[in-house]
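Chemist: I'm passing along run.txt; it holds compact mmCIF, C-alpha atoms.
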# COMPACT_ATOMS: atom_id res chain seq x y z
CA MET A 1 -8.59 19.50 -12.82
CA ARG A 2 -10.06 22.36 -10.79
CA LEU A 3 -10.69 20.09 -7.78
CA LEU A 4 -7.10 18.84 -7.96
CA LEU A 5 -5.85 22.43 -7.88
CA ILE A 6 -8.09 23.18 -4.91
CA ALA A 7 -6.67 20.18 -3.04
CA PHE A 8 -3.13 21.19 -3.92
CA GLN A 9 -3.71 24.81 -2.89
CA PHE A 10 -5.22 23.78 0.45
CA LEU A 11 -2.55 21.23 1.34
CA THR A 12 0.49 23.32 0.35
CA ILE A 13 1.65 26.93 0.46
CA ILE A 14 3.03 26.78 -3.08
CA PRO A 15 1.42 29.71 -4.96
CA LEU A 16 -0.38 29.06 -8.22
CA PRO A 17 0.26 31.45 -11.12
CA PHE A 18 -3.44 31.89 -11.85
CA ARG A 19 -6.78 32.35 -10.09
CA PHE A 20 -9.82 30.10 -10.22
CA GLN A 21 -13.25 30.14 -8.62
CA CYS A 22 -13.85 27.89 -5.63
CA GLU A 23 -17.33 27.23 -4.28
CA LYS A 24 -17.89 26.08 -0.71
CA GLU A 25 -19.01 22.58 -1.77
CA ASP A 26 -15.88 22.20 -3.91
CA LEU A 27 -13.74 21.89 -0.78
CA GLY A 28 -15.35 18.61 0.24
CA ARG A 29 -15.31 17.24 -3.31
CA SER A 30 -11.61 18.10 -3.66
CA THR A 31 -10.75 15.50 -1.01
CA ALA A 32 -10.89 12.90 -3.78
CA PHE A 33 -7.57 14.35 -4.94
CA PHE A 34 -5.88 14.65 -1.54
CA PRO A 35 -3.77 11.51 -2.14
CA VAL A 36 -2.71 12.85 -5.56
CA ALA A 37 -1.54 16.04 -3.88
CA GLY A 38 0.22 13.83 -1.34
CA PHE A 39 2.06 12.00 -4.09
CA ALA A 40 3.09 15.37 -5.53
CA LEU A 41 4.55 16.27 -2.13
CA GLY A 42 6.31 12.90 -2.06
CA GLY A 43 7.71 13.58 -5.52
CA VAL A 44 9.19 16.87 -4.32
CA LEU A 45 10.76 15.08 -1.34
CA LEU A 46 12.10 12.32 -3.58
CA LEU A 47 13.74 14.87 -5.88
CA ALA A 48 15.28 16.61 -2.88
CA ASP A 49 16.51 13.27 -1.56
CA ARG A 50 18.24 12.51 -4.86
CA LEU A 51 19.91 15.92 -4.84
CA LEU A 52 21.06 15.65 -1.22
CA PHE A 53 22.05 11.98 -1.19
CA PHE A 54 25.59 12.49 -2.45
CA TRP A 55 26.29 15.56 -0.33
CA VAL A 56 25.11 14.87 3.22
CA ALA A 57 24.87 11.88 5.55
CA ARG A 58 21.60 9.89 5.62
CA PRO A 59 20.37 11.19 9.03
CA LEU A 60 20.92 14.82 8.01
CA CYS A 61 19.35 14.21 4.62
CA ASP A 62 16.25 12.74 6.24
CA ALA A 63 16.04 15.64 8.70
CA LEU A 64 16.13 18.06 5.77
CA LEU A 65 13.33 16.12 4.03
CA ILE A 66 11.12 16.38 7.13
CA THR A 67 11.93 20.09 7.31
CA LEU A 68 11.09 20.58 3.63
CA LEU A 69 7.73 18.85 4.05
CA ALA A 70 6.87 21.14 6.98
CA LEU A 71 7.84 24.18 4.92
CA ILE A 72 5.85 23.41 1.78
CA THR A 73 2.76 22.43 3.78
CA GLY A 74 2.99 25.49 6.01
CA ALA A 75 3.25 23.15 9.04
CA LEU A 76 -0.55 22.99 8.82
CA HIS A 77 -0.96 19.59 10.43
CA LEU A 78 1.90 20.01 12.87
CA ASP A 79 -0.07 22.93 14.28
CA GLY A 80 -3.01 20.57 14.76
CA LEU A 81 -0.81 18.08 16.61
CA ALA A 82 0.42 20.79 19.00
CA ASP A 83 -3.09 22.14 19.61
CA VAL A 84 -4.50 18.69 20.35
CA CYS A 85 -1.69 17.98 22.82
CA ASP A 86 -2.51 21.24 24.61
CA GLY A 87 -6.20 20.33 24.61
CA LEU A 88 -5.51 16.92 26.11
CA ALA A 89 -3.33 18.51 28.78
CA ALA A 90 -6.14 20.86 29.80
CA ARG A 91 -8.03 17.88 31.33
CA GLY A 92 -11.31 19.71 31.30
CA SER A 93 -14.70 19.60 29.66
CA ARG A 94 -15.43 19.45 25.95
CA GLU A 95 -15.75 23.23 25.87
CA ARG A 96 -12.40 23.64 27.61
CA PHE A 97 -10.71 21.26 25.14
CA LEU A 98 -12.14 23.17 22.17
CA ALA A 99 -11.22 26.55 23.64
CA VAL A 100 -7.61 25.50 24.25
CA MET A 101 -7.27 24.18 20.70
CA LYS A 102 -8.62 27.44 19.31
CA ASP A 103 -6.01 29.49 21.19
CA SER A 104 -3.26 30.53 18.77
CA GLN A 105 -0.57 30.21 21.43
CA VAL A 106 1.23 26.89 21.89
CA GLY A 107 1.56 25.67 25.47
CA ALA A 108 4.32 23.61 27.06
CA VAL A 109 2.63 20.26 26.39
CA GLY A 110 1.88 21.27 22.81
CA ALA A 111 5.54 22.16 22.29
CA VAL A 112 6.64 18.82 23.74
CA GLY A 113 4.16 16.94 21.56
CA LEU A 114 5.34 18.85 18.50
CA VAL A 115 9.01 18.08 19.17
CA LEU A 116 8.30 14.41 19.87
CA GLY A 117 6.18 14.13 16.72
CA ILE A 118 8.94 15.57 14.53
CA LEU A 119 11.60 13.42 16.19
CA LEU A 120 9.53 10.28 15.74
CA LYS A 121 8.90 11.06 12.08
CA TRP A 122 12.59 11.78 11.47
CA GLN A 123 13.82 8.65 13.22
CA ALA A 124 11.17 6.50 11.55
CA LEU A 125 12.38 7.76 8.16
CA VAL A 126 16.00 7.09 9.15
CA ALA A 127 14.99 3.53 10.13
CA VAL A 128 13.51 2.80 6.70
CA PRO A 129 15.85 0.42 4.81
CA SER A 130 17.71 2.08 1.94
CA GLU A 131 16.10 -0.23 -0.63
CA LEU A 132 12.62 0.92 0.47
CA LYS A 133 13.35 4.59 1.00
CA TRP A 134 12.10 5.94 -2.31
CA GLN A 135 8.81 4.08 -1.91
CA ALA A 136 8.48 5.37 1.66
CA VAL A 137 9.18 8.97 0.64
CA LEU A 138 6.50 8.80 -2.05
CA LEU A 139 3.94 6.99 0.07
CA PHE A 140 3.95 8.54 3.52
CA PRO A 141 2.58 11.99 2.51
CA ALA A 142 -0.01 10.38 0.21
CA LEU A 143 -1.22 7.79 2.70
CA ALA A 144 -1.56 10.42 5.41
CA ARG A 145 -3.72 12.50 3.10
CA PHE A 146 -5.82 9.47 2.20
CA GLY A 147 -6.22 9.14 5.96
CA GLN A 148 -7.62 12.66 6.04
CA VAL A 149 -10.30 11.70 3.52
CA LEU A 150 -11.19 8.59 5.53
CA THR A 151 -11.28 10.67 8.72
CA LEU A 152 -13.67 13.21 7.20
CA THR A 153 -16.12 10.87 5.49
CA GLY A 154 -19.24 10.34 7.55
CA ALA A 155 -17.79 12.08 10.59
CA ARG A 156 -19.49 14.64 12.82
CA HIS A 157 -17.98 18.09 13.27
CA ALA A 158 -17.44 19.54 16.74
CA ARG A 159 -17.81 23.17 15.63
CA GLN A 160 -20.22 24.78 13.20
CA ASP A 161 -17.52 27.09 11.88
CA GLY A 162 -14.00 26.52 10.58
CA LEU A 163 -12.52 24.58 7.68
CA GLY A 164 -12.94 21.28 9.51
CA ALA A 165 -16.71 21.71 9.46
CA VAL A 166 -16.70 22.73 5.78
CA PHE A 167 -14.69 19.69 4.72
CA THR A 168 -16.65 17.32 6.97
CA GLN A 169 -19.94 18.51 5.49
CA GLY A 170 -18.70 18.32 1.91
CA ALA A 171 -16.77 15.05 2.00
CA GLY A 172 -18.69 12.03 0.77
CA TRP A 173 -18.41 8.41 -0.28
CA THR A 174 -17.54 9.16 -3.91
CA PRO A 175 -14.40 11.17 -3.02
CA LEU A 176 -13.47 8.45 -0.52
CA PHE A 177 -13.84 5.73 -3.15
CA LEU A 178 -11.67 7.65 -5.62
CA ALA A 179 -9.06 8.38 -2.95
CA PHE A 180 -9.07 4.72 -1.89
CA ALA A 181 -8.68 3.47 -5.46
CA THR A 182 -5.76 5.82 -6.13
CA THR A 183 -3.95 5.06 -2.90
CA SER A 184 -4.47 1.30 -2.78
CA SER A 185 -3.32 0.93 -6.39
CA ALA A 186 -0.16 2.90 -5.68
CA CYS A 187 0.54 0.93 -2.49
CA PHE A 188 0.19 -2.39 -4.29
CA TYR A 189 2.28 -1.22 -7.25
CA LEU A 190 5.12 0.06 -5.05
CA LEU A 191 5.16 -2.53 -2.26
CA GLY A 192 2.94 -5.42 -3.34
CA LEU A 193 0.82 -7.02 -0.64
CA LYS A 194 2.95 -5.35 1.99
CA GLY A 195 1.67 -2.03 0.70
CA ILE A 196 -1.84 -3.12 1.67
CA VAL A 197 -0.52 -3.83 5.18
CA VAL A 198 0.77 -0.25 5.37
CA MET A 199 -2.57 1.09 4.19
CA ALA A 200 -4.41 -1.05 6.72
CA ALA A 201 -2.28 0.48 9.49
CA VAL A 202 -3.42 3.93 8.38
CA CYS A 203 -7.05 2.83 8.50
CA ILE A 204 -6.58 1.54 12.06
CA VAL A 205 -5.07 4.83 13.22
CA VAL A 206 -7.89 6.77 11.56
CA ILE A 207 -10.63 4.66 13.10
CA ALA A 208 -9.04 4.83 16.56
CA GLY A 209 -8.40 8.57 16.36
CA ARG A 210 -11.79 9.45 14.95
CA THR A 211 -13.59 7.32 17.53
CA PHE A 212 -11.64 8.95 20.37
CA PHE A 213 -12.26 12.53 19.24
CA GLN A 214 -15.93 11.98 18.46
CA ARG A 215 -16.44 10.56 21.95
CA LYS A 216 -14.34 13.25 23.60
CA LEU A 217 -15.55 16.27 21.61
CA GLY A 218 -18.72 15.09 19.91
CA GLY A 219 -17.06 15.47 16.51
CA LEU A 220 -13.95 16.54 14.64
CA THR A 221 -12.17 19.85 14.15
CA GLY A 222 -9.43 20.88 11.73
CA ASP A 223 -6.89 20.41 14.52
CA THR A 224 -7.95 16.84 15.26
CA ILE A 225 -7.82 15.97 11.56
CA GLY A 226 -4.32 17.44 11.36
CA CYS A 227 -3.25 15.52 14.45
CA ILE A 228 -4.46 12.21 13.00
CA SER A 229 -2.67 13.03 9.74
CA GLU A 230 0.63 13.58 11.55
CA LEU A 231 0.20 10.30 13.44
CA ASN A 232 -0.43 8.57 10.12
CA GLU A 233 2.79 9.92 8.60
CA ILE A 234 4.71 8.52 11.55
CA THR A 235 2.80 5.23 11.38
CA VAL A 236 3.48 4.72 7.67
CA LEU A 237 7.22 5.23 8.11
CA ILE A 238 7.37 2.92 11.14
CA VAL A 239 5.46 0.15 9.37
CA ILE A 240 7.60 0.44 6.22
CA SER A 241 10.74 0.28 8.39
CA VAL A 242 9.69 -3.16 9.67
CA LEU A 243 8.37 -4.53 6.36
CA PRO A 244 11.49 -6.68 5.79
CA LEU A 245 10.48 -8.60 8.93
CA ILE A 246 7.01 -9.36 7.54
CA SER A 247 6.62 -12.37 5.28
CA LEU A 248 3.68 -12.46 2.88
Have the structure of the file written as structure tokens, please.

Modeler:
Amino acid sequence: MRLLLIAFQFLTIIPLPFRFQCEKEDLGRSTAFFPVAGFALGGVLLLADRLLFFWVARPLCDALLITLLALITGALHLDGLADVCDGLAARGSRERFLAVMKDSQVGAVGAVGLVLGILLKWQALVAVPSELKWQAVLLFPALARFGQVLTLTGARHARQDGLGAVFTQGAGWTPLFLAFATTSSACFYLLGLKGIVVMAAVCIVVIAGRTFFQRKLGGLTGDTIGCISELNEITVLIVISVLPLISL
């Protein structure tokens, strides 16, 4: 229960009404519950969707859901997306890339990447068929957070400091197995075999992103993990939007 609360506290800005002790190694172990926290986020979005459905048009409703997700997560991973875009635009050495990502200011390319990422996520959600929307709303935050666990497990870290290094050092195969079991079961329950297709797409994005950043930077940072997570949210919604075209 404590590890679940740690995961929930890290992935959201929702305050808890009580305090609990958190050791450094608990952060890595808490990744086993990242998908559960993701499903909790999806549940909040689903409730909001049900409340808004009868009052606003579908595109506006979906825009409000994307906004709500950014608010309750503190835009944590959107910040990583913007920082990575700025780092890529720097076109310099590894040290230059890392220095640009560490800068708290968002550059022009980071702002463009951030806007495009939000627009893609919004339009991908709008494109999801109505009969699959509730499954999509539940799944896309959870699958992206499973992707974080997969990204962290066995990866190198580019910096010795920062939360990215702490989570990379603490994440292991047991948390990954638990996260995989939770997420794959939910995908199959909600979407059948097509749910496994969606999960496979997340794995592909993770492997591609992790390989790129480890070659480019020698390891991962919190920003790169956040960037991959944002790409996974977009990917999940895009794949679910085309599921009716896939026959299994």

Chemist: With the cut-off set at 8 Å and counting all atoms listed in the file, tabulate each residue of range 220-242 of chain A with an atom at most that distance from an atom of range 104-126 of chain A, showing the nearest atom pair and its distance in Å to one decimal, ordered by chain and increasing number, as a tab-separated table.

Modeler:
residue	atom	partner	partner_atom	distance
A:Glu230	CA	A:Gly117	CA	7.6
A:Leu231	CA	A:Gly117	CA	7.8
A:Glu233	CA	A:Lys121	CA	7.1
A:Ile234	CA	A:Lys121	CA	4.9
A:Leu237	CA	A:Ala124	CA	5.4
A:Ile238	CA	A:Ala124	CA	5.2
A:Ser241	CA	A:Ala124	CA	7.0

Chemist: Could you check the closest approach to Phe34 in chain A for each of A:Val149, A:Leu132, A:Val84, A:Ala186 and tell me which residue wins, using all atoms listed in the file?

Modeler: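 The shortest atom-to-atom distance to Phe34 in chain A comes from A:Val149.
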
Chemist: To one decimal in Å, tell me the separation between CA of Leu64 in chain A and CA of Leu47 in chain A.

Modeler: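 One can read the CA of Leu64 in chain A to CA of Leu47 in chain A distance as 12.3 Å.
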
Chemist: For Phe10 in chain A, find every residue with an atom within 9 Å (counting all atoms listed in the file), except residues of its own chain fewer than 3 positions away, and show them as a list in words.

Modeler: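 The residues satisfying every condition are Leu5, Ile6, Ala7, Ile13, Leu27 and Thr73 of chain A.
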
Chemist: What does the file look like for those residues with C-alpha atoms, as an mmCIF file, keeping the file's coordinate frame?

Modeler:
data_model
loop_
_atom_site.group_PDB
_atom_site.id
_atom_site.type_symbol
_atom_site.label_atom_id
_atom_site.label_comp_id
_atom_site.auth_asym_id
_atom_site.auth_seq_id
_atom_site.Cartn_x
_atom_site.Cartn_y
_atom_site.Cartn_z
ATOM 1 C CA LEU A 5 -5.850 22.430 -7.880
ATOM 2 C CA ILE A 6 -8.090 23.180 -4.910
ATOM 3 C CA ALA A 7 -6.670 20.180 -3.040
ATOM 4 C CA ILE A 13 1.650 26.930 0.460
ATOM 5 C CA LEU A 27 -13.740 21.890 -0.780
ATOM 6 C CA THR A 73 2.760 22.430 3.780
#

Chemist: Give the answer as one residue: which of A:Leu41, A:Ile246, A:Ala32, A:Leu150 has the shortest atom-to-atom distance to Leu4 in chain A, using all atoms listed in the file?

Modeler: A:Ala32

Chemist: Near range 189-194 of chain A, within 9 Å and counting all atoms listed in the file, which residues show up once chain neighbours fewer than 2 positions away are dropped, as a ChimeraX atom specification?

Modeler: /A:132,135,139,184-187,196-199,240,243,246-248

Chemist: So that I can see what lies close to range 202-208 of chain A, please list as a list of chain:residue names the residues with an atom at most 8 Å from it, counting only C-alpha atoms and leaving out residues fewer than 2 positions away in the same chain.

Modeler: A:Leu143, A:Ala144, A:Gly147, A:Leu150, A:Thr151, A:Val198, A:Met199, A:Ala200, A:Arg210, A:Thr211, A:Phe212, A:Ile228, A:Leu231, A:Asn232, A:Thr235, A:Val236

Chemist: Identify, on the basis of only C-alpha atoms, every residue whose closest approach to range 214-216 of chain A does not exceed 12 Å; exclude the query and any residue fewer than 2 positions from it along the same chain; express the result as a PyMOL selection string.

Modeler: chain A and resi 84+87-88+91-98+151-152+154-159+206-212+218-221+224-225
